[in-house]
$ cat final-v4.cif   # mmCIF, C-alpha atoms
data_my_file
loop_
_atom_site.label_atom_id
_atom_site.label_comp_id
_atom_site.auth_asym_id
_atom_site.auth_seq_id
_atom_site.Cartn_x
_atom_site.Cartn_y
_atom_site.Cartn_z
CA MET A 1 -23.87 -2.30 -16.93
CA ARG A 2 -20.82 -0.55 -18.35
CA ARG A 3 -21.49 2.57 -16.28
CA ALA A 4 -21.80 0.54 -13.05
CA LEU A 5 -18.50 -1.17 -13.81
CA SER A 6 -16.89 2.18 -14.49
CA GLU A 7 -18.16 3.57 -11.17
CA ALA A 8 -16.92 0.48 -9.30
CA THR A 9 -13.53 0.79 -10.98
CA LYS A 10 -13.31 4.46 -10.00
CA ARG A 11 -14.23 3.62 -6.41
CA VAL A 12 -11.57 0.89 -6.16
CA ASP A 13 -9.02 3.17 -7.82
CA ARG A 14 -9.80 5.92 -5.29
CA TRP A 15 -9.49 3.44 -2.41
CA LEU A 16 -6.13 2.17 -3.69
CA ASP A 17 -4.95 5.78 -3.96
CA GLN A 18 -5.99 6.40 -0.34
CA VAL A 19 -4.24 3.23 0.86
CA PHE A 20 -1.06 4.03 -1.08
CA PHE A 21 -0.70 7.48 0.47
CA ALA A 22 -1.67 6.11 3.89
CA ALA A 23 1.09 3.49 3.58
CA TRP A 24 3.57 6.24 2.85
CA GLU A 25 2.30 8.36 5.74
CA VAL A 26 2.24 5.58 8.34
CA SER A 27 5.63 4.22 7.26
CA VAL A 28 7.36 7.59 7.39
CA LEU A 29 5.74 8.83 10.60
CA ALA A 30 6.48 5.56 12.43
CA ILE A 31 10.17 5.40 11.44
CA PRO A 32 11.49 5.92 15.01
CA THR A 33 9.41 3.00 16.27
CA LEU A 34 10.34 0.82 13.31
CA TRP A 35 13.99 1.50 14.09
CA PHE A 36 13.51 0.35 17.70
CA LEU A 37 11.70 -2.77 16.50
CA LEU A 38 14.88 -3.77 14.67
CA PHE A 39 16.41 -4.60 18.06
CA ALA A 40 13.37 -6.30 19.63
CA THR A 41 13.36 -10.02 20.28
CA PRO A 42 12.29 -12.64 19.35
CA ARG A 43 13.16 -11.38 15.87
CA ALA A 44 10.90 -13.67 13.82
CA ALA A 45 7.82 -12.98 15.94
CA VAL A 46 8.45 -9.23 15.99
CA SER A 47 9.05 -9.22 12.22
CA LEU A 48 5.78 -11.01 11.48
CA SER A 49 3.74 -8.86 13.84
CA GLY A 50 5.50 -5.65 12.82
CA LEU A 51 4.91 -6.25 9.12
CA THR A 52 1.28 -7.11 9.83
CA ALA A 53 0.86 -3.98 11.95
CA LEU A 54 2.38 -1.77 9.27
CA ALA A 55 0.33 -3.25 6.42
CA VAL A 56 -2.94 -3.27 8.34
CA SER A 57 -2.35 0.29 9.54
CA ALA A 58 -1.93 1.50 5.96
CA VAL A 59 -5.12 -0.21 4.82
CA ALA A 60 -7.06 1.01 7.87
CA VAL A 61 -5.90 4.64 7.58
CA GLY A 62 -6.67 4.69 3.85
CA THR A 63 -10.08 3.13 4.39
CA PHE A 64 -11.00 5.43 7.27
CA ARG A 65 -9.64 8.59 5.64
CA GLY A 66 -11.42 7.80 2.37
CA GLY A 67 -14.72 7.55 4.20
CA TYR A 68 -15.30 3.91 3.29
CA VAL A 69 -15.82 3.25 6.98
CA ARG A 70 -16.91 6.32 8.91
CA THR A 71 -14.96 7.02 12.09
CA GLY A 72 -14.98 10.82 12.05
CA SER A 73 -13.13 13.61 10.32
CA TRP A 74 -9.60 12.68 9.22
CA PRO A 75 -6.92 15.24 8.34
CA ARG A 76 -5.41 15.09 4.88
CA PRO A 77 -1.99 13.38 4.71
CA GLY A 78 0.04 16.60 4.64
CA HIS A 79 -1.82 18.39 7.44
CA LEU A 80 1.06 19.91 9.42
CA PRO A 81 -0.74 20.94 12.66
CA THR A 82 -1.64 17.31 13.41
CA LEU A 83 1.67 15.84 12.26
CA PRO A 84 3.27 15.38 15.72
CA ILE A 85 0.17 13.74 17.16
CA ARG A 86 -0.29 11.46 14.16
CA SER A 87 3.38 10.50 14.28
CA ALA A 88 3.18 9.60 17.95
CA TYR A 89 -0.13 7.78 17.54
CA TYR A 90 0.93 5.76 14.49
CA SER A 91 4.19 4.88 16.25
CA LEU A 92 2.33 3.69 19.33
CA VAL A 93 -0.11 1.65 17.26
CA VAL A 94 2.53 0.03 15.04
CA GLY A 95 5.04 -0.57 17.83
CA GLY A 96 2.50 -1.58 20.44
CA THR A 97 0.62 -4.00 18.23
CA ALA A 98 3.87 -5.47 16.89
CA LEU A 99 5.11 -6.21 20.41
CA LEU A 100 1.69 -7.39 21.58
CA GLY A 101 1.40 -9.71 18.58
CA ALA A 102 4.92 -11.05 19.13
CA PHE A 103 4.10 -11.71 22.79
CA ALA A 104 0.86 -13.52 21.87
CA GLN A 105 2.70 -15.51 19.23
CA THR A 106 5.40 -16.72 21.61
CA GLU A 107 3.02 -17.39 24.49
CA LEU A 108 0.60 -19.44 22.41
CA GLY A 109 3.32 -21.14 20.37
CA ALA A 110 1.63 -20.53 17.03
CA PHE A 111 2.18 -17.99 14.26
CA TRP A 112 -1.44 -16.91 13.75
CA PRO A 113 -1.70 -14.69 16.88
CA GLY A 114 1.20 -12.70 15.42
CA VAL A 115 -1.10 -11.77 12.54
CA VAL A 116 -4.53 -11.64 14.17
CA VAL A 117 -3.61 -9.60 17.26
CA PRO A 118 -1.90 -6.69 15.44
CA ALA A 119 -4.63 -6.65 12.79
CA VAL A 120 -7.57 -6.50 15.19
CA VAL A 121 -6.00 -4.24 17.83
CA GLY A 122 -4.43 -1.96 15.20
CA VAL A 123 -7.67 -1.37 13.29
CA GLY A 124 -9.51 -0.75 16.54
CA ALA A 125 -6.92 1.73 17.77
CA LEU A 126 -6.74 3.58 14.46
CA ALA A 127 -10.50 4.03 14.41
CA PHE A 128 -10.01 6.45 17.32
CA VAL A 129 -7.61 8.81 15.51
CA PRO A 130 -10.32 11.46 14.89
CA VAL A 131 -11.32 11.32 18.57
CA VAL A 132 -7.70 11.67 19.70
CA LEU A 133 -7.08 14.59 17.34
CA ALA A 134 -10.27 16.36 18.45
CA GLY A 135 -9.29 15.88 22.10
CA ALA A 136 -5.80 17.21 21.49
CA GLU A 137 -7.27 20.24 19.74
CA ARG A 138 -9.58 20.93 22.71
CA VAL A 139 -6.66 20.65 25.14
CA ALA A 140 -4.54 22.97 22.98
CA ARG A 141 -7.25 25.65 23.14
CA LEU A 142 -7.37 25.65 26.93
CA THR A 143 -5.83 28.63 28.64
CA ILE A 144 -4.60 28.85 32.18
#
$ encode --input "final-v4.cif" --output "structure tokens"
Amino acid sequence: MRRALSEATKRVDRWLDQVFFAAWEVSVLAIPTLWFLLFATPRAAVSLSGLTALAVSAVAVGTFRGGYVRTGSWPRPGHLPTLPIRSAYYSLVVGGTALLGAFAQTELGAFWPGVVVPAVVGVGALAFVPVVLAGAERVARLTI
């Protein structure tokens, strides 16, 4: 029993480590988009959806990268060759889902779409990061 608890604790600790570094990575790489979101309106709706998008993105990237949900091969956080693509992709996911969630929130007149829309769309979009990176690598190898 004690050994099983120890293994479970190690697994949760590893997952929290993955999520922590993913939060750092997503937050830093999406800074340009976060700066633009400061000026988006309506402010309350964008704030709710933006915070949801940022938090869910960190949890999703950490979960996918750690292999807890298999979506393909993820680069380590400091992998420089994929840095520009990851920065652009994270920015699009965070900014796009924040604005989409804010739009859904204002159109439906309730707060919950501002949480649900960025969470569902963001996780779905981030599941495709390995596919996007593999496609970009194939395109980069093409010669004219």
$ closest_residue --input "final-v4.cif" --among "A:Ala98, A:Trp15, A:Thr41, A:Ile85" --to "Val121 of chain A" --atoms "all atoms listed in the file"
A:Ala98
$ resolve_selection --input "final-v4.cif" --expression "the PyMOL selection byres ((chain A and resi 30) around 10)" --output "PDB file with C-alpha atoms, in the frame of the given file"
ATOM      1  CA  GLU A  25       2.300   8.360   5.740  1.00  0.00           C
ATOM      2  CA  VAL A  26       2.240   5.580   8.340  1.00  0.00           C
ATOM      3  CA  SER A  27       5.630   4.220   7.260  1.00  0.00           C
ATOM      4  CA  VAL A  28       7.360   7.590   7.390  1.00  0.00           C
ATOM      5  CA  LEU A  29       5.740   8.830  10.600  1.00  0.00           C
ATOM      6  CA  ILE A  31      10.170   5.400  11.440  1.00  0.00           C
ATOM      7  CA  PRO A  32      11.490   5.920  15.010  1.00  0.00           C
ATOM      8  CA  THR A  33       9.410   3.000  16.270  1.00  0.00           C
ATOM      9  CA  LEU A  34      10.340   0.820  13.310  1.00  0.00           C
ATOM     10  CA  TRP A  35      13.990   1.500  14.090  1.00  0.00           C
ATOM     11  CA  LEU A  54       2.380  -1.770   9.270  1.00  0.00           C
ATOM     12  CA  ARG A  86      -0.290  11.460  14.160  1.00  0.00           C
ATOM     13  CA  SER A  87       3.380  10.500  14.280  1.00  0.00           C
ATOM     14  CA  ALA A  88       3.180   9.600  17.950  1.00  0.00           C
ATOM     15  CA  TYR A  89      -0.130   7.780  17.540  1.00  0.00           C
ATOM     16  CA  TYR A  90       0.930   5.760  14.490  1.00  0.00           C
ATOM     17  CA  SER A  91       4.190   4.880  16.250  1.00  0.00           C
ATOM     18  CA  LEU A  92       2.330   3.690  19.330  1.00  0.00           C
ATOM     19  CA  VAL A  93      -0.110   1.650  17.260  1.00  0.00           C
ATOM     20  CA  VAL A  94       2.530   0.030  15.040  1.00  0.00           C
ATOM     21  CA  GLY A  95       5.040  -0.570  17.830  1.00  0.00           C
TER      22      GLY A  95
END
$ closest_residue --input "final-v4.cif" --among "A:Leu99, A:Ala58, A:Leu126, A:Val139" --to "Gly72 of chain A" --atoms "only C-alpha atoms"
A:Leu126
$ atom_distance --input "final-v4.cif" --atom1 "atom CA of Val120 of chain A" --atom2 "atom CA of Gly66 of chain A"
19.6 Å
$ resolve_selection --input "final-v4.cif" --expression "the PyMOL selection byres ((chain A and resi 101-107) around 10)" --output "JSON, numbers by chain"
{"A": [40, 41, 42, 43, 44, 45, 46, 47, 48, 49, 50, 52, 53, 95, 96, 97, 98, 99, 100, 108, 109, 110, 111, 112, 113, 114, 115, 116, 117, 118, 119, 121]}
$ closest_residue --input "final-v4.cif" --among "A:Val12, A:Val69, A:Ser57, A:Leu142" --to "Gly122 of chain A" --atoms "all atoms listed in the file"
A:Ser57
$ atom_distance --input "final-v4.cif" --atom1 "atom CA of Ala60 of chain A" --atom2 "atom CA of Leu80 of chain A"
20.6 Å
$ closest_residue --input "final-v4.cif" --among "A:Val56, A:Ala22, A:Val61, A:Leu37" --to "Val129 of chain A" --atoms "only C-alpha atoms"
A:Val61
$ residues_around --input "final-v4.cif" --residues "Val19 of chain A" --least-positions-apart "6" --cutoff "7 Å" --atoms "all atoms listed in the file" --output "list of chain:residue names"
A:Ala58, A:Val59, A:Gly62, A:Thr63
$ closest_residue --input "final-v4.cif" --among "A:Pro130, A:Gly67, A:Gly124, A:Arg76" --to "Arg11 of chain A" --atoms "only C-alpha atoms"
A:Gly67
